[in-house]
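Reproduced below: upload.txt, with compact mmCIF, C-alpha atoms.
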# COMPACT_ATOMS: atom_id res chain seq x y z
CA MET Y 86 23.45 6.51 0.12
CA ASN Y 87 21.24 5.70 3.12
CA ASP Y 88 19.45 2.38 3.68
CA LEU Y 89 16.06 3.72 2.57
CA SER Y 90 17.48 4.99 -0.73
CA SER Y 91 19.17 1.65 -1.37
CA ALA Y 92 15.94 -0.19 -0.59
CA ALA Y 93 14.02 2.06 -2.99
CA LEU Y 94 16.45 1.24 -5.81
CA GLN Y 95 16.11 -2.48 -5.13
CA ALA Y 96 12.30 -2.20 -5.01
CA ARG Y 97 12.11 -0.41 -8.36
CA ASP Y 98 12.53 -3.56 -10.43
CA ASN Y 99 11.16 -6.19 -8.07
CA SER Y 100 7.41 -6.30 -7.39
CA ASN Y 101 7.74 -8.34 -4.20
CA LEU Y 102 10.36 -6.00 -2.75
CA ARG Y 103 8.25 -3.04 -3.85
CA ASN Y 104 5.16 -4.33 -2.05
CA ASN Y 105 7.15 -4.92 1.13
CA PHE Y 106 8.88 -1.54 0.84
CA ILE Y 107 5.55 0.28 0.50
CA GLN Y 108 4.00 -1.61 3.40
CA GLU Y 109 6.99 -1.01 5.66
CA ASN Y 110 6.95 2.72 4.89
CA GLU Y 111 3.24 3.44 5.41
CA GLU Y 112 4.02 5.81 8.29
CA LEU Y 113 6.50 7.69 6.10
CA ILE Y 114 3.87 8.10 3.37
CA LEU Y 115 1.38 9.43 5.93
CA ARG Y 116 3.99 11.83 7.32
CA LEU Y 117 4.93 13.14 3.87
CA ALA Y 118 1.26 13.60 2.99
CA TYR Y 119 0.77 15.54 6.23
CA LYS Y 120 3.78 17.78 5.52
CA ALA Y 121 2.52 18.42 1.98
CA THR Y 122 -1.02 19.37 3.01
CA GLY Y 123 -0.65 20.66 6.56
CA THR Y 124 -3.59 18.46 7.58
CA TYR Y 125 -3.73 15.15 9.42
CA VAL Y 126 -3.97 12.21 7.01
CA THR Y 127 -5.11 8.64 7.70
CA THR Y 128 -5.07 5.56 5.47
CA SER Y 129 -8.81 5.99 4.85
CA ASP Y 130 -8.40 9.48 3.33
CA ASP Y 131 -8.31 10.29 -0.38
CA ASN Y 132 -5.05 12.14 0.25
CA TYR Y 133 -3.47 8.88 1.36
CA SER Y 134 -4.54 7.12 -1.85
CA ILE Y 135 -3.00 9.94 -3.89
CA ALA Y 136 0.17 9.92 -1.77
CA LEU Y 137 0.42 6.14 -2.14
CA ILE Y 138 0.29 6.36 -5.94
CA ALA Y 139 2.86 9.20 -5.83
CA PHE Y 140 5.14 7.12 -3.60
CA ASN Y 141 4.93 4.32 -6.17
CA GLU Y 142 5.78 6.84 -8.86
CA ALA Y 143 8.76 8.04 -6.84
CA ILE Y 144 10.07 4.47 -6.69
CA ASP Y 145 9.73 4.18 -10.48
CA SER Y 146 11.64 7.37 -11.25
CA TYR Y 147 14.22 7.46 -8.43
CA ASP Y 148 17.95 7.20 -9.04
CA GLU Y 149 21.05 8.21 -7.10
CA SER Y 150 21.34 11.56 -8.89
CA LYS Y 151 18.12 12.73 -7.20
CA GLY Y 152 19.62 12.78 -3.70
CA ASN Y 153 18.09 10.77 -0.87
CA PHE Y 154 14.85 8.93 -1.53
CA THR Y 155 12.88 10.57 1.28
CA SER Y 156 13.49 14.03 -0.17
CA PHE Y 157 12.55 12.89 -3.65
CA ALA Y 158 9.39 11.07 -2.50
CA ALA Y 159 8.37 14.14 -0.47
CA LEU Y 160 8.48 16.30 -3.60
CA VAL Y 161 6.59 13.81 -5.78
CA ILE Y 162 3.87 13.44 -3.13
CA LYS Y 163 3.67 17.21 -2.63
CA ARG Y 164 3.27 17.81 -6.37
CA ARG Y 165 0.59 15.16 -6.78
CA LEU Y 166 -1.42 16.40 -3.79
CA THR Y 167 -1.05 20.01 -4.93
CA ASP Y 168 -2.27 19.09 -8.43
CA GLU Y 169 -5.27 17.28 -6.97
CA TYR Y 170 -6.09 20.17 -4.63
CA ARG Y 171 -5.91 22.73 -7.43
CA LYS Y 172 -8.07 20.60 -9.67
CA ASN Y 173 -10.80 20.33 -7.04
CA LYS Y 174 -10.50 23.43 -4.82
CA GLY Y 175 -7.94 25.87 -6.11
CA GLU Y 176 -4.53 26.75 -4.67
CA MET Y 177 -3.35 24.61 -1.78
CA PRO Y 178 -1.76 26.57 1.06
CA VAL Y 179 1.83 25.40 1.56
CA SER Y 180 3.47 25.64 4.95
CA PRO Y 181 7.12 26.79 5.15
CA SER Y 182 7.74 23.48 6.93
CA SER Y 183 6.79 21.49 3.83
CA PHE Y 184 10.43 20.72 3.06
CA GLU Y 185 11.58 20.58 6.66
CA ALA Y 186 14.38 18.03 7.17
CA TYR Y 187 14.44 17.17 3.47
CA GLY Y 188 17.74 18.81 2.52
CA ASP Y 189 19.13 22.28 1.91
CA GLU Y 190 17.63 24.84 -0.47
CA ASP Y 191 19.86 23.94 -3.44
CA GLU Y 192 19.00 20.26 -3.09
CA VAL Y 193 15.29 21.04 -2.89
CA HIS Y 194 15.41 23.15 -6.08
CA SER Y 195 17.38 20.42 -7.87
CA LEU Y 196 14.89 17.79 -6.81
CA ASP Y 197 12.02 20.09 -7.70
CA ASN Y 198 13.34 20.45 -11.24
CA SER Y 199 13.76 16.69 -11.56
CA VAL Y 200 10.20 16.10 -10.40
CA THR Y 201 8.87 18.75 -12.77
CA ALA Y 202 10.61 17.08 -15.69
CA LYS Y 203 9.19 13.70 -14.71
CA MET Y 204 5.70 15.14 -14.31
CA ASN Y 205 5.89 16.62 -17.79
CA GLU Y 206 7.06 13.30 -19.15
CA LEU Y 207 4.11 11.52 -17.55
CA ALA Y 208 1.53 14.21 -18.39
CA GLY Y 209 0.10 12.13 -21.21
CA ASP Y 210 -0.65 9.33 -18.77
CA LYS Y 211 -2.36 11.59 -16.22
CA GLN Y 212 -5.88 10.55 -17.17
CA ALA Y 213 -4.90 6.92 -16.90
CA GLU Y 214 -3.57 7.59 -13.39
CA VAL Y 215 -6.77 9.41 -12.43
CA ASP Y 216 -8.81 6.47 -13.73
CA ARG Y 217 -6.61 4.05 -11.79
CA LEU Y 218 -7.03 6.08 -8.60
CA GLU Y 219 -10.81 6.10 -9.00
CA ALA Y 220 -10.82 2.35 -9.65
CA MET Y 221 -8.68 1.79 -6.55
CA LYS Y 222 -11.02 3.89 -4.40
CA ALA Y 223 -14.02 1.95 -5.74
CA GLU Y 224 -12.34 -1.36 -4.93
CA ILE Y 225 -11.50 -0.21 -1.40
CA ALA Y 226 -15.14 0.79 -0.86
CA GLU Y 227 -16.35 -2.56 -2.20
CA ALA Y 228 -13.78 -4.46 -0.13
CA SER Y 229 -14.95 -2.67 3.01
CA GLN Y 230 -18.50 -3.71 2.24
CA VAL Y 231 -17.43 -7.33 1.79
CA LEU Y 232 -15.37 -7.31 4.99
CA SER Y 233 -18.14 -5.67 7.01
CA TYR Y 234 -19.82 -9.10 6.83
CA TYR Y 235 -17.05 -10.26 9.17
CA GLY Y 236 -17.27 -7.21 11.42
CA PHE Y 237 -14.28 -5.15 10.25
CA THR Y 238 -13.29 -2.85 7.39
CA PHE Y 239 -10.50 -2.60 4.84
CA ASN Y 240 -8.97 0.35 6.69
CA GLU Y 241 -8.30 -1.78 9.77
CA LEU Y 242 -5.93 -4.08 7.90
CA ALA Y 243 -2.79 -1.98 8.41
CA GLU Y 244 -2.94 -2.79 12.12
CA TYR Y 245 -3.17 -6.54 11.49
CA SER Y 246 -0.84 -6.90 8.51
CA PRO Y 247 2.27 -9.03 9.14
CA LYS Y 248 5.52 -7.11 9.54
CA SER Y 249 8.35 -9.65 9.95
CA THR Y 250 9.49 -11.96 7.16
CA ALA Y 251 8.59 -15.06 9.18
CA THR Y 252 5.09 -13.82 9.97
CA LYS Y 253 4.49 -12.84 6.35
CA ALA Y 254 5.47 -16.36 5.30
CA THR Y 255 3.09 -17.87 7.88
CA CYS Y 256 0.19 -15.68 6.70
CA LYS Y 257 0.97 -16.49 3.07
CA ASP Y 258 0.85 -20.24 3.82
CA ALA Y 259 -2.43 -19.78 5.71
CA ILE Y 260 -4.04 -17.87 2.82
CA ILE Y 261 -2.90 -20.43 0.27
CA CYS Y 262 -4.30 -23.15 2.53
CA MET Y 263 -7.59 -21.24 2.73
CA LEU Y 264 -7.90 -20.97 -1.04
CA ARG Y 265 -6.95 -24.51 -2.00
CA PRO Y 266 -9.84 -26.59 -3.37
CA GLY Y 267 -11.72 -27.81 -0.35
CA ASP Y 268 -13.91 -26.56 2.44
CA LEU Y 269 -11.97 -23.93 4.37
CA PHE Y 270 -13.03 -20.83 2.46
CA GLU Y 271 -16.71 -21.75 2.57
CA MET Y 272 -16.30 -22.69 6.23
CA MET Y 273 -15.03 -19.15 6.89
CA ARG Y 274 -17.93 -17.58 5.02
CA LYS Y 275 -20.55 -19.64 6.82
CA SER Y 276 -19.15 -19.14 10.31
CA LYS Y 277 -17.71 -15.60 9.77
CA LEU Y 278 -14.64 -16.92 11.56
CA LEU Y 279 -11.18 -17.98 10.45
CA PRO Y 280 -10.89 -21.81 10.72
CA ILE Y 281 -7.75 -21.53 12.82
CA LYS Y 282 -7.64 -25.13 14.06
CA GLU Y 283 -7.84 -26.53 10.52
CA ILE Y 284 -5.17 -24.16 9.19
CA GLU Y 285 -2.94 -24.94 12.15
CA THR Y 286 -3.28 -28.67 11.47
CA ARG Y 287 -2.68 -28.41 7.72
CA THR Y 288 0.18 -25.89 7.73
CA GLY Y 289 1.86 -26.29 11.11
CA ALA Y 290 1.44 -22.55 11.73
CA LYS Y 291 1.42 -21.31 15.31
CA ARG Y 292 -2.08 -20.66 16.60
CA LYS Y 293 -1.02 -17.39 18.25
CA THR Y 294 0.21 -16.00 14.92
CA LEU Y 295 -2.98 -17.02 13.12
CA GLU Y 296 -5.16 -15.44 15.81
CA ARG Y 297 -3.19 -12.18 15.80
CA HIS Y 298 -3.43 -11.84 12.01
CA ARG Y 299 -6.80 -13.44 11.38
CA LYS Y 300 -8.35 -10.29 9.90
CA TYR Y 301 -5.51 -9.96 7.41
CA ILE Y 302 -5.77 -13.63 6.38
CA MET Y 303 -9.56 -13.41 6.01
CA ALA Y 304 -9.40 -10.15 4.06
CA VAL Y 305 -6.72 -11.27 1.63
CA SER Y 306 -8.57 -14.54 1.07
CA GLU Y 307 -11.70 -12.59 0.13
CA LEU Y 308 -9.76 -10.18 -2.11
CA LEU Y 309 -8.13 -13.02 -4.03
CA GLN Y 310 -11.45 -14.81 -4.43
CA GLY Y 311 -13.24 -11.64 -5.56
CA ASP Y 312 -12.89 -9.12 -8.36
CA PHE Y 313 -10.27 -6.70 -7.02
CA PRO Y 314 -7.58 -6.47 -9.74
CA HIS Y 315 -5.97 -3.25 -8.50
CA LEU Y 316 -5.79 -4.25 -4.84
CA CYS Y 317 -4.49 -7.67 -5.80
CA GLU Y 318 -1.53 -6.02 -7.53
CA TYR Y 319 -0.10 -5.78 -4.01
CA LEU Y 320 -0.54 -9.52 -3.43
CA THR Y 321 1.63 -10.87 -6.24
CA ASP Y 322 3.74 -13.11 -3.99
CA ILE Y 323 0.67 -14.90 -2.64
CA LYS Y 324 -0.85 -15.15 -6.13
CA LYS Y 325 2.33 -16.79 -7.41
CA GLY Y 326 2.16 -19.24 -4.52
CA LEU Y 327 -1.37 -20.19 -5.51
CA GLU Y 328 -0.37 -20.62 -9.15
CA LEU Y 329 2.36 -23.05 -8.12
CA GLU Y 330 -0.08 -25.22 -6.19
Whole structure given in C-alpha cells:
Amino acid sequence: MNDLSSAALQARDNSNLRNNFIQENEELILRLAYKATGTYVTTSDDNYSIALIAFNEAIDSYDESKGNFTSFAALVIKRRLTDEYRKNKGEMPVSPSSFEAYGDEDEVHSLDNSVTAKMNELAGDKQAEVDRLEAMKAEIAEASQVLSYYGFTFNELAEYSPKSTATKATCKDAIICMLRPGDLFEMMRKSKLLPIKEIETRTGAKRKTLERHRKYIMAVSELLQGDFPHLCEYLTDIKKGLELE
C-alpha cells in the first residue's frame, strides 16, 4: 500500500486528518477532474466543487480491497462529473486517457464495479448531496463578497493557506487570538488590515509568517464569525481551539 492510500485510510475516521489530507491533495483533485472531463479545471469552477465532494466520498468508501487510493478517487470523481454533465448537458465525451496511469484494465473494471455499487448504495442520498453542493456554492459566493471588502476573493486562499504543520499551528493561534473577546476583529474590519503587530505581541508568532498568510487568517476569521456552516466544516480544529478558550 502506498503512502497516499495509507493516509486516506487514516483520514477516513479523523476529521482533522481528513481536512489536512484534502488540502494537501488539491492539485491531485484538480488533475483528476481534468482527466475526467478533458477540460482545464480551477478551484473556482463548478467541476472542482463536484470533484471535491467526490474526493470526500472516495475517502469515506475507500478500503484496501479497492486497490490504490488514486485509482479509486479517479473513478469516483469521473462518475460524479459524468452524472452532473449528463444531468445538465447530455453525454460527456470521455478521452481514452481518462484512466491513464491508474492501473491495468482488470483493475479499472474492478474499481469501476466497486464504485457503481457504492453509487447505487448512496442513490437515495443524491438529492441531499445536490442540496449540499448548492449550499456550498452559495457560501463560496457570499464569502467572496465578504472578502472583497478586503481586496481579495475566496478563490485566492489556496495560494495563501498554510502548508507545514508549524505554519498551520501559527495561523490557528493567530485566528484564535483574532476571535477572542476584545478589539482585534473589529480593528481588522475598520482598517481592512490584519493587526499583525498586536497578534505578534499576544501570540509570539513570527511577523514574516503572519504577513505571508494574512489573507488566510483574515478570511478564516470572517468565516468563523459569519454564517458559513458548510465551509466551516473544514475548520474543525480551529473551532475546537476556540471552544477550549
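From CA of Asn101 (chain Y) back to CA of Ser229 (chain Y), the distance works out to 24.5 Å.
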With 6 Å added on each side, what axis-aligned box encloses every listed atom of region 124-133 of chain Y? Give the centre and edge lengths in Å to one decimal, as AutoDock Vina command-line options.
--center_x -6.1 --center_y 12.0 --center_z 4.5 --size_x 17.3 --size_y 24.9 --size_z 21.8
Restricting to only C-alpha atoms, whichever of Y:Arg116, Y:Arg265, Y:Arg287, Y:Arg292 is closest to Lys163 (chain Y) is Y:Arg116
Please identify all polymer residues within 8 Å of Met221 (chain Y), counting all atoms listed in the file, omitting same-chain residues fewer than 4 positions from it, and present them as a ChimeraX atom specification.
/Y:217,225,315-316
| task | Tell me, in Å to one decimal, how far CA of Ile323 (chain Y) is from CA of Asn240 (chain Y). | result |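 Between CA of Ile323 (chain Y) and CA of Asn240 (chain Y) the gap works out to 20.3 Å.
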task = Quick one: everything within 6 Å of region 158-160 of chain Y, counting all atoms listed in the file, minus sequence neighbours fewer than 2 positions away in the same chain. Send it as a ChimeraX atom specification.
result = /Y:117,140,143,154-156,162-163
Students should find that CA of Leu264 (chain Y) and CA of Gln310 (chain Y) are spaced 7.9 Å
| message | I'd like the neighbourhood of Glu285 (chain Y) as a list in words, where a residue qualifies if any of its atoms comes within 12 Å (using all atoms listed in the file), though same-chain residues fewer than 4 positions away should be ignored. | response | Thr255, Cys256, Asp258, Ala259, Ile260, Cys262, Met263, Leu269, Leu279, Pro280, Ile281, Gly289, Ala290, Lys291, Arg292, Lys293, Thr294, Leu295 and Glu296 of chain Y
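Distances here use only C-alpha atoms; by that measure, the residue among Y:Asp322, Y:Asp88, Y:Leu113, Y:Ala304 closest to Glu241 (chain Y) is Y:Ala304.
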Worksheet item: Near Asp130 (chain Y), counting only C-alpha atoms, which residues have an atom at most 12 Å away, once you skip same-chain residues fewer than 6 positions from it, shown as a ChimeraX atom specification?
Response: /Y:115,118-119,124,136-137,222,225-226,240
Q: Would you kindly return, as a VMD selection string, each protein, DNA or RNA residue with an atom no farther than 10 Å from any atom of Ala243 (chain Y), considering all atoms listed in the file and excluding same-chain residues fewer than 6 positions away?
A: chain Y and resid 108 111 128 301
Closest to Phe313 (chain Y) among Y:Glu283, Y:Glu224, Y:Glu109, Y:Glu219, using all atoms listed in the file?
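Of the candidates, the smallest distance to Phe313 (chain Y) is held by Y:Glu224.
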